[in-house]
Each structure stands twice: as C-alpha cells, then as structure tokens.
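Coordinates from coords_17.cif are shown below (mmCIF, C-alpha atoms).
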```
data_protein
loop_
_atom_site.group_PDB
_atom_site.id
_atom_site.type_symbol
_atom_site.label_atom_id
_atom_site.label_comp_id
_atom_site.auth_asym_id
_atom_site.auth_seq_id
_atom_site.Cartn_x
_atom_site.Cartn_y
_atom_site.Cartn_z
ATOM 1 C CA MET A 1 -7.790 -9.665 -26.299
ATOM 2 C CA ASP A 2 -9.722 -8.636 -23.191
ATOM 3 C CA ASP A 3 -8.798 -5.066 -22.210
ATOM 4 C CA THR A 4 -11.190 -4.978 -19.262
ATOM 5 C CA PRO A 5 -9.232 -3.769 -16.209
ATOM 6 C CA PRO A 6 -9.113 -6.191 -13.281
ATOM 7 C CA ASP A 7 -11.755 -5.745 -10.597
ATOM 8 C CA PRO A 8 -9.995 -4.472 -7.445
ATOM 9 C CA ARG A 9 -12.594 -6.200 -5.263
ATOM 10 C CA ALA A 10 -11.788 -9.635 -6.688
ATOM 11 C CA THR A 11 -8.080 -8.824 -6.668
ATOM 12 C CA TYR A 12 -8.261 -7.809 -3.009
ATOM 13 C CA ARG A 13 -9.870 -11.149 -2.179
ATOM 14 C CA ALA A 14 -7.180 -13.074 -4.045
ATOM 15 C CA VAL A 15 -4.329 -11.242 -2.302
ATOM 16 C CA ARG A 16 -6.007 -11.545 1.101
ATOM 17 C CA ASP A 17 -6.686 -15.260 0.674
ATOM 18 C CA GLU A 18 -3.065 -15.866 -0.313
ATOM 19 C CA LEU A 19 -1.792 -13.940 2.693
ATOM 20 C CA VAL A 20 -4.221 -15.549 5.149
ATOM 21 C CA ALA A 21 -3.156 -19.018 3.983
ATOM 22 C CA ALA A 22 0.492 -18.110 4.544
ATOM 23 C CA LEU A 23 -0.151 -16.614 7.976
ATOM 24 C CA ARG A 24 -2.122 -19.627 9.153
ATOM 25 C CA SER A 25 0.975 -21.758 8.601
ATOM 26 C CA ILE A 26 3.307 -19.851 10.942
ATOM 27 C CA ASP A 27 3.989 -20.562 14.618
ATOM 28 C CA GLU A 28 3.349 -18.287 17.593
ATOM 29 C CA ALA A 29 6.944 -17.073 17.788
ATOM 30 C CA THR A 30 6.882 -15.953 14.165
ATOM 31 C CA ALA A 31 3.507 -14.265 14.671
ATOM 32 C CA GLY A 32 5.158 -12.155 17.363
ATOM 33 C CA ALA A 33 8.265 -11.327 15.330
ATOM 34 C CA ILE A 34 8.840 -7.674 14.442
ATOM 35 C CA VAL A 35 8.371 -6.794 10.765
ATOM 36 C CA PRO A 36 11.470 -4.877 9.575
ATOM 37 C CA ALA A 37 9.493 -2.496 7.339
ATOM 38 C CA CYS A 38 7.052 -1.780 10.205
ATOM 39 C CA PRO A 39 9.381 -1.603 13.204
ATOM 40 C CA ALA A 40 6.593 -0.877 15.686
ATOM 41 C CA TRP A 41 4.542 -3.891 14.562
ATOM 42 C CA SER A 42 4.730 -7.647 14.775
ATOM 43 C CA VAL A 43 3.356 -9.975 12.113
ATOM 44 C CA LYS A 44 0.132 -10.250 14.116
ATOM 45 C CA ASP A 45 -0.060 -6.468 14.411
ATOM 46 C CA VAL A 46 0.088 -6.089 10.627
ATOM 47 C CA ALA A 47 -2.800 -8.549 10.295
ATOM 48 C CA SER A 48 -4.661 -6.653 13.033
ATOM 49 C CA HIS A 49 -4.356 -3.419 11.078
ATOM 50 C CA LEU A 50 -5.582 -5.074 7.872
ATOM 51 C CA SER A 51 -8.614 -6.620 9.566
ATOM 52 C CA GLY A 52 -9.223 -3.561 11.736
ATOM 53 C CA LEU A 53 -9.226 -1.234 8.739
ATOM 54 C CA ASN A 54 -12.028 -3.279 7.184
ATOM 55 C CA ALA A 55 -13.956 -3.460 10.446
ATOM 56 C CA GLU A 56 -13.764 0.305 10.956
ATOM 57 C CA LEU A 57 -14.867 1.010 7.398
ATOM 58 C CA LEU A 58 -17.930 -1.153 7.933
ATOM 59 C CA ALA A 59 -18.621 0.514 11.295
ATOM 60 C CA ASP A 60 -18.387 3.987 9.701
ATOM 61 C CA VAL A 61 -15.679 5.038 12.160
ATOM 62 C CA ALA A 62 -14.975 8.729 11.606
ATOM 63 C CA GLY A 63 -11.664 10.166 10.532
ATOM 64 C CA PRO A 64 -8.870 9.046 8.197
ATOM 65 C CA LEU A 65 -8.561 5.340 8.913
ATOM 66 C CA GLY A 66 -4.982 5.189 7.656
ATOM 67 C CA SER A 67 -3.653 7.769 10.110
ATOM 68 C CA ASP A 68 -1.123 6.834 12.778
ATOM 69 C CA GLU A 69 -3.812 7.233 15.440
ATOM 70 C CA ALA A 70 -6.276 5.003 13.600
ATOM 71 C CA THR A 71 -3.818 2.251 12.746
ATOM 72 C CA ALA A 72 -2.548 2.190 16.337
ATOM 73 C CA ARG A 73 -6.150 1.820 17.512
ATOM 74 C CA GLN A 74 -6.818 -1.015 15.053
ATOM 75 C CA VAL A 75 -3.829 -2.895 16.430
ATOM 76 C CA ALA A 76 -4.566 -2.142 20.095
ATOM 77 C CA ASP A 77 -8.197 -3.246 19.762
ATOM 78 C CA ARG A 78 -6.965 -6.724 18.765
ATOM 79 C CA ALA A 79 -4.112 -7.061 21.241
ATOM 80 C CA SER A 80 -5.927 -9.773 23.200
ATOM 81 C CA LEU A 81 -6.692 -11.872 20.109
ATOM 82 C CA SER A 82 -4.524 -14.597 18.651
ATOM 83 C CA LEU A 83 -3.367 -14.340 15.052
ATOM 84 C CA SER A 84 -5.855 -17.060 14.112
ATOM 85 C CA GLU A 85 -8.707 -15.059 15.659
ATOM 86 C CA VAL A 86 -7.634 -11.921 13.800
ATOM 87 C CA LEU A 87 -7.595 -13.837 10.521
ATOM 88 C CA ASP A 88 -11.038 -15.297 11.289
ATOM 89 C CA GLU A 89 -12.356 -11.770 11.838
ATOM 90 C CA TRP A 90 -10.820 -10.533 8.586
ATOM 91 C CA ASN A 91 -12.413 -13.357 6.608
ATOM 92 C CA SER A 92 -15.773 -12.849 8.324
ATOM 93 C CA LEU A 93 -15.979 -9.266 7.011
ATOM 94 C CA ASP A 94 -15.664 -10.268 3.364
ATOM 95 C CA ALA A 95 -19.306 -10.375 2.281
ATOM 96 C CA ALA A 96 -20.272 -7.182 4.082
ATOM 97 C CA LEU A 97 -17.251 -5.374 2.687
ATOM 98 C CA HIS A 98 -18.051 -6.515 -0.856
ATOM 99 C CA ARG A 99 -21.599 -5.208 -0.474
ATOM 100 C CA ARG A 100 -20.343 -1.913 0.950
ATOM 101 C CA PHE A 101 -18.014 -1.367 -1.996
ATOM 102 C CA GLY A 102 -20.805 -1.777 -4.539
ATOM 103 C CA GLU A 103 -19.419 0.039 -7.528
ATOM 104 C CA ASN A 104 -17.050 2.212 -5.470
ATOM 105 C CA LEU A 105 -13.941 0.802 -7.074
ATOM 106 C CA ASP A 106 -11.786 3.698 -5.868
ATOM 107 C CA ARG A 107 -12.270 2.608 -2.261
ATOM 108 C CA ALA A 108 -11.567 -1.004 -3.202
ATOM 109 C CA THR A 109 -8.375 0.034 -4.990
ATOM 110 C CA ALA A 110 -7.245 2.057 -1.965
ATOM 111 C CA LEU A 111 -7.683 -0.962 0.314
ATOM 112 C CA LEU A 112 -5.931 -3.196 -2.203
ATOM 113 C CA ALA A 113 -2.942 -0.854 -2.407
ATOM 114 C CA ASP A 114 -2.560 -0.819 1.378
ATOM 115 C CA LEU A 115 -2.826 -4.609 1.478
ATOM 116 C CA VAL A 116 -0.185 -5.121 -1.217
ATOM 117 C CA VAL A 117 2.222 -2.761 0.568
ATOM 118 C CA HIS A 118 1.880 -4.875 3.714
ATOM 119 C CA VAL A 119 2.214 -8.181 1.861
ATOM 120 C CA TYR A 120 5.636 -7.013 0.714
ATOM 121 C CA ASP A 121 6.420 -5.876 4.263
ATOM 122 C CA LEU A 122 5.717 -9.383 5.484
ATOM 123 C CA GLU A 123 7.600 -10.957 2.586
ATOM 124 C CA GLU A 124 10.817 -9.560 4.080
ATOM 125 C CA LEU A 125 10.268 -11.727 7.153
ATOM 126 C CA LEU A 126 8.229 -14.728 6.024
ATOM 127 C CA ALA A 127 8.717 -17.365 3.357
ATOM 128 C CA GLN A 128 5.331 -16.972 1.683
ATOM 129 C CA PRO A 129 3.839 -16.923 -1.816
ATOM 130 C CA THR A 130 3.233 -13.497 -3.354
ATOM 131 C CA VAL A 131 1.791 -14.502 -6.721
ATOM 132 C CA ALA A 132 -1.478 -12.609 -6.257
ATOM 133 C CA ALA A 133 0.260 -9.586 -4.752
ATOM 134 C CA ALA A 134 2.766 -9.454 -7.605
ATOM 135 C CA ALA A 135 -0.090 -9.452 -10.116
ATOM 136 C CA ALA A 136 -1.780 -6.647 -8.170
ATOM 137 C CA THR A 137 1.333 -4.480 -7.906
ATOM 138 C CA PRO A 138 0.743 -2.273 -10.981
ATOM 139 C CA MET A 139 -2.851 -1.500 -9.948
ATOM 140 C CA SER A 140 -1.646 -0.714 -6.439
ATOM 141 C CA ALA A 141 1.157 1.525 -7.699
ATOM 142 C CA HIS A 142 -1.276 3.374 -9.953
ATOM 143 C CA ARG A 143 -3.359 4.263 -6.904
ATOM 144 C CA TYR A 144 -0.543 6.427 -5.536
ATOM 145 C CA ILE A 145 0.548 8.117 -8.772
ATOM 146 C CA PRO A 146 -2.069 10.904 -8.996
ATOM 147 C CA LEU A 147 -1.761 11.489 -5.253
ATOM 148 C CA LEU A 148 1.995 11.958 -5.640
ATOM 149 C CA GLN A 149 1.673 14.136 -8.732
ATOM 150 C CA ASP A 150 -0.804 16.438 -6.973
ATOM 151 C CA ARG A 151 1.333 16.596 -3.835
ATOM 152 C CA VAL A 152 4.486 17.399 -5.811
ATOM 153 C CA ALA A 153 2.674 20.100 -7.778
ATOM 154 C CA ASP A 154 1.195 21.673 -4.645
ATOM 155 C CA VAL A 155 4.335 21.544 -2.498
ATOM 156 C CA THR A 156 7.153 22.067 -5.007
ATOM 157 C CA GLN A 157 5.345 23.584 -8.013
ATOM 158 C CA THR A 158 6.822 20.835 -10.170
ATOM 159 C CA ALA A 159 5.117 18.940 -12.980
ATOM 160 C CA LEU A 160 5.988 15.278 -12.362
ATOM 161 C CA THR A 161 5.693 12.702 -15.153
ATOM 162 C CA ILE A 162 5.877 9.018 -14.159
ATOM 163 C CA THR A 163 6.593 5.970 -16.334
ATOM 164 C CA LEU A 164 6.475 2.419 -14.956
ATOM 165 C CA ASP A 165 7.713 -0.875 -16.340
ATOM 166 C CA ASP A 166 4.168 -2.201 -16.771
ATOM 167 C CA GLY A 167 3.896 0.119 -19.794
ATOM 168 C CA SER A 168 1.911 2.836 -18.030
ATOM 169 C CA HIS A 169 2.822 6.471 -18.633
ATOM 170 C CA TRP A 170 1.392 9.252 -16.484
ATOM 171 C CA PRO A 171 1.965 12.750 -17.873
ATOM 172 C CA ALA A 172 1.990 15.555 -15.349
ATOM 173 C CA PRO A 173 -1.561 16.858 -14.865
ATOM 174 C CA ASP A 174 -0.327 20.459 -15.119
ATOM 175 C CA ALA A 175 2.450 20.596 -17.705
ATOM 176 C CA ASP A 176 2.546 24.420 -17.691
ATOM 177 C CA MET A 177 4.516 24.643 -14.445
ATOM 178 C CA VAL A 178 7.965 26.219 -14.564
ATOM 179 C CA ASN A 179 9.615 23.089 -13.129
ATOM 180 C CA ALA A 180 9.264 19.689 -14.792
ATOM 181 C CA VAL A 181 10.736 16.344 -13.741
ATOM 182 C CA ALA A 182 10.194 12.816 -15.098
ATOM 183 C CA VAL A 183 10.897 9.557 -13.297
ATOM 184 C CA ASP A 184 11.072 6.013 -14.672
ATOM 185 C CA THR A 185 11.107 2.884 -12.491
ATOM 186 C CA SER A 186 9.349 -0.415 -11.897
ATOM 187 C CA ALA A 187 5.846 -0.612 -10.457
ATOM 188 C CA HIS A 188 7.215 -2.592 -7.520
ATOM 189 C CA ARG A 189 9.995 -0.120 -6.732
ATOM 190 C CA PHE A 190 7.638 2.829 -7.109
ATOM 191 C CA LEU A 191 5.116 1.281 -4.718
ATOM 192 C CA ARG A 192 7.750 0.444 -2.123
ATOM 193 C CA GLY A 193 9.322 3.863 -2.502
ATOM 194 C CA VAL A 194 6.250 6.044 -2.242
ATOM 195 C CA ALA A 195 5.055 4.041 0.774
ATOM 196 C CA GLY A 196 8.291 4.840 2.643
ATOM 197 C CA ARG A 197 9.700 1.322 2.415
ATOM 198 C CA LEU A 198 12.903 2.309 0.587
ATOM 199 C CA THR A 199 15.789 4.501 1.630
ATOM 200 C CA ARG A 200 16.277 7.918 0.090
ATOM 201 C CA ALA A 201 19.288 6.543 -1.809
ATOM 202 C CA ASP A 202 17.088 3.773 -3.237
ATOM 203 C CA VAL A 203 14.605 6.332 -4.596
ATOM 204 C CA GLU A 204 17.381 8.588 -5.876
ATOM 205 C CA ALA A 205 18.543 5.576 -7.915
ATOM 206 C CA PHE A 206 15.336 5.630 -9.975
ATOM 207 C CA THR A 207 15.844 7.123 -13.445
ATOM 208 C CA TRP A 208 15.216 10.850 -13.012
ATOM 209 C CA SER A 209 15.326 13.490 -15.754
ATOM 210 C CA ALA A 210 16.530 16.137 -13.301
ATOM 211 C CA ASP A 211 17.648 16.493 -9.698
ATOM 212 C CA PRO A 212 14.756 15.190 -7.540
ATOM 213 C CA SER A 213 16.068 16.641 -4.273
ATOM 214 C CA ASP A 214 13.244 19.125 -3.725
ATOM 215 C CA ILE A 215 10.625 16.466 -4.432
ATOM 216 C CA LEU A 216 12.304 13.959 -2.103
ATOM 217 C CA ASP A 217 12.866 16.566 0.608
ATOM 218 C CA ARG A 218 9.302 17.822 0.737
ATOM 219 C CA ALA A 219 6.742 15.780 -1.187
ATOM 220 C CA TRP A 220 7.693 12.206 -1.992
ATOM 221 C CA ASN A 221 6.479 9.915 0.778
ATOM 222 C CA GLN A 222 2.837 9.030 1.221
ATOM 223 C CA TYR A 223 3.502 7.563 4.681
ATOM 224 C CA GLY A 224 6.160 8.997 6.935
ATOM 225 C CA PRO A 225 9.901 9.387 6.327
ATOM 226 C CA PHE A 226 12.247 7.324 4.210
ATOM 227 C CA ARG A 227 13.401 4.014 5.572
ATOM 228 C CA THR A 228 16.784 4.090 7.276
#
```

Please lay out the structure from this file as structure tokens.
Amino acid sequence: MDDTPPDPRATYRAVRDELVAALRSIDEATAGAIVPACPAWSVKDVASHLSGLNAELLADVAGPLGSDEATARQVADRASLSLSEVLDEWNSLDAALHRRFGENLDRATALLADLVVHVYDLEELLAQPTVAAAAATPMSAHRYIPLLQDRVADVTQTALTITLDDGSHWPAPDADMVNAVAVDTSAHRFLRGVAGRLTRADVEAFTWSADPSDILDRAWNQYGPFRT
C-alpha cells in the first residue's frame, strides 16, 4: 500500500482542470449569475479571484492576498475580460506557478484549499462534476485545522480536538488548558463550516463534547461571519 501523501500541486491542477472544463461549457447569462455562497460575486468573479490570486502570487504583490481588499482587486482587475479570457489567463499561469512552488507544499496546499472551497460554492449554482474536488476535500480541510486550533486557543483559551470522517484525528496542540472541547464531523462539513459557508446552526449540529458557544462566538470562522 502506498502511504505517500498526495502532491497538492498535482491535486490543484486536477481540480482546476475539472472546474475550467465545467466553466467553459456555461453560457454568458450563467457566467453573470450571482453565486449564493459569495453574494457579492458572479460565477465569472469567482474565476477572476482564482486566476487573480495566482497572478498576484507570481507578481510578488505585497500583503495578504486573501484579504477582502485583495480579492476585490483581483476581481476588479478582470472586470473587462470575458469568462473565457479569465480561464485562459488562469491556465497560462500553470507552468510558472508550478516552478514557483518548488517544494513549498504549504503554499500549494493553501491555494488548493481556497480552490476547493470555491468549487463547492459554484456547485450550489452549476451542474458540474466535482470528482477531483471531492478527492481533495480532506487535504483542504486539514489545511484549516491547525489554524483553527491556534485561533481557538489564543482567543478562548480552549484546547480544541478535531476528528474527521476521513480517519484523521487532531489532538489539541496544548492539552494543558483549563477548557477542552472536541468536535467530530465530516471533512466536507468542516471545510464548508470553517470557511463561513454554513449557518451557525449547521456548525452547532456537529458532534461537540461540550457547549461550543464561546468558540463559535469568537474564533470559529476563517473568513467572515456565518452564512445566513
């Protein structure tokens, strides 16, 4: 049995290629439709962010490229392009991006996680295949786990243990804290939840060992508030 973990660079390519193929099949009206999970963005805007994030990484644009300011800029910079032109740009960056990653698999995993989140955003609107994204979901969810555990520890002084249905178990990095909470859910639900794509009630419905209110009030979401 091969226990070698999947390469996030190759996985990113597979998910991107699947999404690009789906987006090339839609009409102009659908490209302009608003994505329910991203209410400020159309389908084309989501693609513009994904391509723009890569372009700005390669251009060494300063600042956190996932901030609201940066993502708005990535979309605005491509406002005059068609969806097809945005997808052409995204594909054209592939070789340079692969070279830039080198062995920096953490950066590749971060990009993959963002991509998979947006594939599921688009899945709510489009009839499209998500085979590659589904396979990449555990790796993408794992990207956010240590970030969440650190945030929960810093903000709420709680040791958070996380178990997902892919068999992964993440003990709290600091088990000596006074407060301790464990949560058990699927990789897909965790990823959608921590990215702000679920309602608070959805996340409360995960299997919690104790009341998660303080965590949900102050430390849960990686990106913005809960979905309403």

Original post:
What does the distance between atom CA of A:Asp106 and atom CA of A:Tyr120 come to in Å, to one decimal place?
Top reply: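 Going from atom CA of A:Asp106 over to atom CA of A:Tyr120 covers 21.5 Å.
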
Original post:
A:Val183, A:Ala33, A:Gly66, A:His98: which is nearest A:Glu124, counting all atoms listed in the file?
Top reply: A:Ala33

Original post:
With only C-alpha atoms as the atoms that count, which of A:Val35, A:Leu93, A:Ala134, A:Ile215 lies nearest to A:Ala153?
Top reply: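 Using only C-alpha atoms, A:Ala153 sits closest to A:Ile215.
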
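Put simply, the PyMOL selection byres ((chain A and resi 176) around 12) on this file hits Ala153, Gln157, Thr158, Ala159, Leu160, Pro171, Ala172, Pro173, Asp174, Ala175, Met177, Val178, Asn179 and Ala180 of chain A.
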
Subject >> Residues selected by the PyMOL selection byres ((chain A and resi 15) around 12), written as a PyMOL selection string >> reply: chain A and resi 8-14+16-22+50+111-120+128-137+140

Writer output for current selection, C-alpha atoms, as a short mmCIF file (atom, residue, chain, number, x, y, z; two decimals), in the frame of the given file:
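Contents of part.cif, freshly written:
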```
data_model
loop_
_atom_site.label_atom_id
_atom_site.label_comp_id
_atom_site.auth_asym_id
_atom_site.auth_seq_id
_atom_site.Cartn_x
_atom_site.Cartn_y
_atom_site.Cartn_z
CA PRO A 8 -9.99 -4.47 -7.44
CA ARG A 9 -12.59 -6.20 -5.26
CA ALA A 10 -11.79 -9.64 -6.69
CA THR A 11 -8.08 -8.82 -6.67
CA TYR A 12 -8.26 -7.81 -3.01
CA ARG A 13 -9.87 -11.15 -2.18
CA ALA A 14 -7.18 -13.07 -4.04
CA ARG A 16 -6.01 -11.54 1.10
CA ASP A 17 -6.69 -15.26 0.67
CA GLU A 18 -3.06 -15.87 -0.31
CA LEU A 19 -1.79 -13.94 2.69
CA VAL A 20 -4.22 -15.55 5.15
CA ALA A 21 -3.16 -19.02 3.98
CA ALA A 22 0.49 -18.11 4.54
CA LEU A 50 -5.58 -5.07 7.87
CA LEU A 111 -7.68 -0.96 0.31
CA LEU A 112 -5.93 -3.20 -2.20
CA ALA A 113 -2.94 -0.85 -2.41
CA ASP A 114 -2.56 -0.82 1.38
CA LEU A 115 -2.83 -4.61 1.48
CA VAL A 116 -0.18 -5.12 -1.22
CA VAL A 117 2.22 -2.76 0.57
CA HIS A 118 1.88 -4.88 3.71
CA VAL A 119 2.21 -8.18 1.86
CA TYR A 120 5.64 -7.01 0.71
CA GLN A 128 5.33 -16.97 1.68
CA PRO A 129 3.84 -16.92 -1.82
CA THR A 130 3.23 -13.50 -3.35
CA VAL A 131 1.79 -14.50 -6.72
CA ALA A 132 -1.48 -12.61 -6.26
CA ALA A 133 0.26 -9.59 -4.75
CA ALA A 134 2.77 -9.45 -7.60
CA ALA A 135 -0.09 -9.45 -10.12
CA ALA A 136 -1.78 -6.65 -8.17
CA THR A 137 1.33 -4.48 -7.91
CA SER A 140 -1.65 -0.71 -6.44
#
```

Original post:
Can you tell me, as a ChimeraX atom specification, what residues are no more than 9 Å from A:Leu87 when counting all atoms listed in the file, ignoring any on the same chain fewer than 4 positions away?
Top reply: /A:20,23-24,47-48,51,82-83,91-92

Mind dumping the selected residues with C-alpha atoms as a PDB file, in the coordinates of the input?
```
ATOM      1  CA  VAL A  20      -4.221 -15.549   5.149  1.00  0.00           C
ATOM      2  CA  LEU A  23      -0.151 -16.614   7.976  1.00  0.00           C
ATOM      3  CA  ARG A  24      -2.122 -19.627   9.153  1.00  0.00           C
ATOM      4  CA  ALA A  47      -2.800  -8.549  10.295  1.00  0.00           C
ATOM      5  CA  SER A  48      -4.661  -6.653  13.033  1.00  0.00           C
ATOM      6  CA  SER A  51      -8.614  -6.620   9.566  1.00  0.00           C
ATOM      7  CA  SER A  82      -4.524 -14.597  18.651  1.00  0.00           C
ATOM      8  CA  LEU A  83      -3.367 -14.340  15.052  1.00  0.00           C
ATOM      9  CA  ASN A  91     -12.413 -13.357   6.608  1.00  0.00           C
ATOM     10  CA  SER A  92     -15.773 -12.849   8.324  1.00  0.00           C
TER      11      SER A  92
END
```

Residue neighbourhood A:Arg189, 12 Å, all atoms listed in the file, exclusion window fewer than 3 positions, as a PDB file with C-alpha atoms, keeping the file's coordinate frame:
```pdb
ATOM      1  CA  VAL A 117       2.222  -2.761   0.568  1.00  0.00           C
ATOM      2  CA  TYR A 120       5.636  -7.013   0.714  1.00  0.00           C
ATOM      3  CA  ALA A 134       2.766  -9.454  -7.605  1.00  0.00           C
ATOM      4  CA  THR A 137       1.333  -4.480  -7.906  1.00  0.00           C
ATOM      5  CA  PRO A 138       0.743  -2.273 -10.981  1.00  0.00           C
ATOM      6  CA  SER A 140      -1.646  -0.714  -6.439  1.00  0.00           C
ATOM      7  CA  ALA A 141       1.157   1.525  -7.699  1.00  0.00           C
ATOM      8  CA  THR A 163       6.593   5.970 -16.334  1.00  0.00           C
ATOM      9  CA  LEU A 164       6.475   2.419 -14.956  1.00  0.00           C
ATOM     10  CA  ASP A 165       7.713  -0.875 -16.340  1.00  0.00           C
ATOM     11  CA  ASP A 166       4.168  -2.201 -16.771  1.00  0.00           C
ATOM     12  CA  VAL A 183      10.897   9.557 -13.297  1.00  0.00           C
ATOM     13  CA  ASP A 184      11.072   6.013 -14.672  1.00  0.00           C
ATOM     14  CA  THR A 185      11.107   2.884 -12.491  1.00  0.00           C
ATOM     15  CA  SER A 186       9.349  -0.415 -11.897  1.00  0.00           C
ATOM     16  CA  ARG A 192       7.750   0.444  -2.123  1.00  0.00           C
ATOM     17  CA  GLY A 193       9.322   3.863  -2.502  1.00  0.00           C
ATOM     18  CA  VAL A 194       6.250   6.044  -2.242  1.00  0.00           C
ATOM     19  CA  ALA A 195       5.055   4.041   0.774  1.00  0.00           C
ATOM     20  CA  GLY A 196       8.291   4.840   2.643  1.00  0.00           C
ATOM     21  CA  ARG A 197       9.700   1.322   2.415  1.00  0.00           C
ATOM     22  CA  LEU A 198      12.903   2.309   0.587  1.00  0.00           C
ATOM     23  CA  THR A 199      15.789   4.501   1.630  1.00  0.00           C
ATOM     24  CA  ASP A 202      17.088   3.773  -3.237  1.00  0.00           C
ATOM     25  CA  VAL A 203      14.605   6.332  -4.596  1.00  0.00           C
ATOM     26  CA  GLU A 204      17.381   8.588  -5.876  1.00  0.00           C
ATOM     27  CA  ALA A 205      18.543   5.576  -7.915  1.00  0.00           C
ATOM     28  CA  PHE A 206      15.336   5.630  -9.975  1.00  0.00           C
ATOM     29  CA  THR A 207      15.844   7.123 -13.445  1.00  0.00           C
TER      30      THR A 207
END
```

**OP:** Identify all residues satisfying the PyMOL selection byres ((chain A and resi 34) around 12) in the given file; provide them as a list in words.
**Re:**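 That selection, the PyMOL selection byres ((chain A and resi 34) around 12), comes back as Ala29, Thr30, Ala31, Gly32, Ala33, Val35, Pro36, Ala37, Cys38, Pro39, Ala40, Trp41, Ser42, Val43, Lys44, Asp45, Val46, Asp121, Leu122, Glu124, Leu125 and Leu126 of chain A.
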
Subject >> Separation of atom CA of A:Val75 from atom CA of A:Arg143, in Å and rounded to one decimal >> reply: 24.4 Å

Residues within 10 Å of A:Val61, please, as a compact mmCIF listing (two decimals) with C-alpha atoms, keeping the file's coordinate frame. Count all atoms listed in the file; anything in the same chain fewer than 6 positions from it doesn't count.
```
# COMPACT_ATOMS: atom_id res chain seq x y z
CA LEU A 53 -9.23 -1.23 8.74
CA ALA A 55 -13.96 -3.46 10.45
CA ALA A 70 -6.28 5.00 13.60
```

Original post:
So what do you get for atom CA of A:His49 versus atom CA of A:Leu191, distance-wise?
Top reply: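 Going from atom CA of A:His49 over to atom CA of A:Leu191, I get 19.0 Å.
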
**OP:** Please provide the set of residues having any atom within 9 Å of A:Leu216, restricted to only C-alpha atoms, with same-chain residues fewer than 3 positions apart removed, written as a list in words.
**Re:** Arg200, Val203, Glu204, Pro212, Ser213, Ala219, Trp220 and Asn221 of chain A

Write out, as a CSV table (one decimal), in the coordinates of the input, the residues just selected, with C-alpha atoms.
```
chain,number,residue,atom,x,y,z
A,200,ARG,CA,16.3,7.9,0.1
A,203,VAL,CA,14.6,6.3,-4.6
A,204,GLU,CA,17.4,8.6,-5.9
A,212,PRO,CA,14.8,15.2,-7.5
A,213,SER,CA,16.1,16.6,-4.3
A,219,ALA,CA,6.7,15.8,-1.2
A,220,TRP,CA,7.7,12.2,-2.0
A,221,ASN,CA,6.5,9.9,0.8
```

Could you give me, as a PDB file with C-alpha atoms, in the frame of the given file, the residues within 8 Å of A:Leu58, counting all atoms listed in the file and dropping anything in the same chain fewer than 5 positions from it?
```pdb
ATOM      1  CA  ALA A  96     -20.272  -7.182   4.082  1.00  0.00           C
ATOM      2  CA  LEU A  97     -17.251  -5.374   2.687  1.00  0.00           C
ATOM      3  CA  ARG A 100     -20.343  -1.913   0.950  1.00  0.00           C
TER       4      ARG A 100
END
```

Enclose the full set of atoms of stretch 127-140 of chain A listed in the file within a box whose edges lie along x, y and z, apply 8 Å of padding to each of the six sides, and report centre and edge lengths in Å to one decimal as lines of an AutoDock Vina configuration file.
```
center_x = 2.9
center_y = -9.0
center_z = -3.8
size_x = 27.6
size_y = 32.7
size_z = 30.3
```
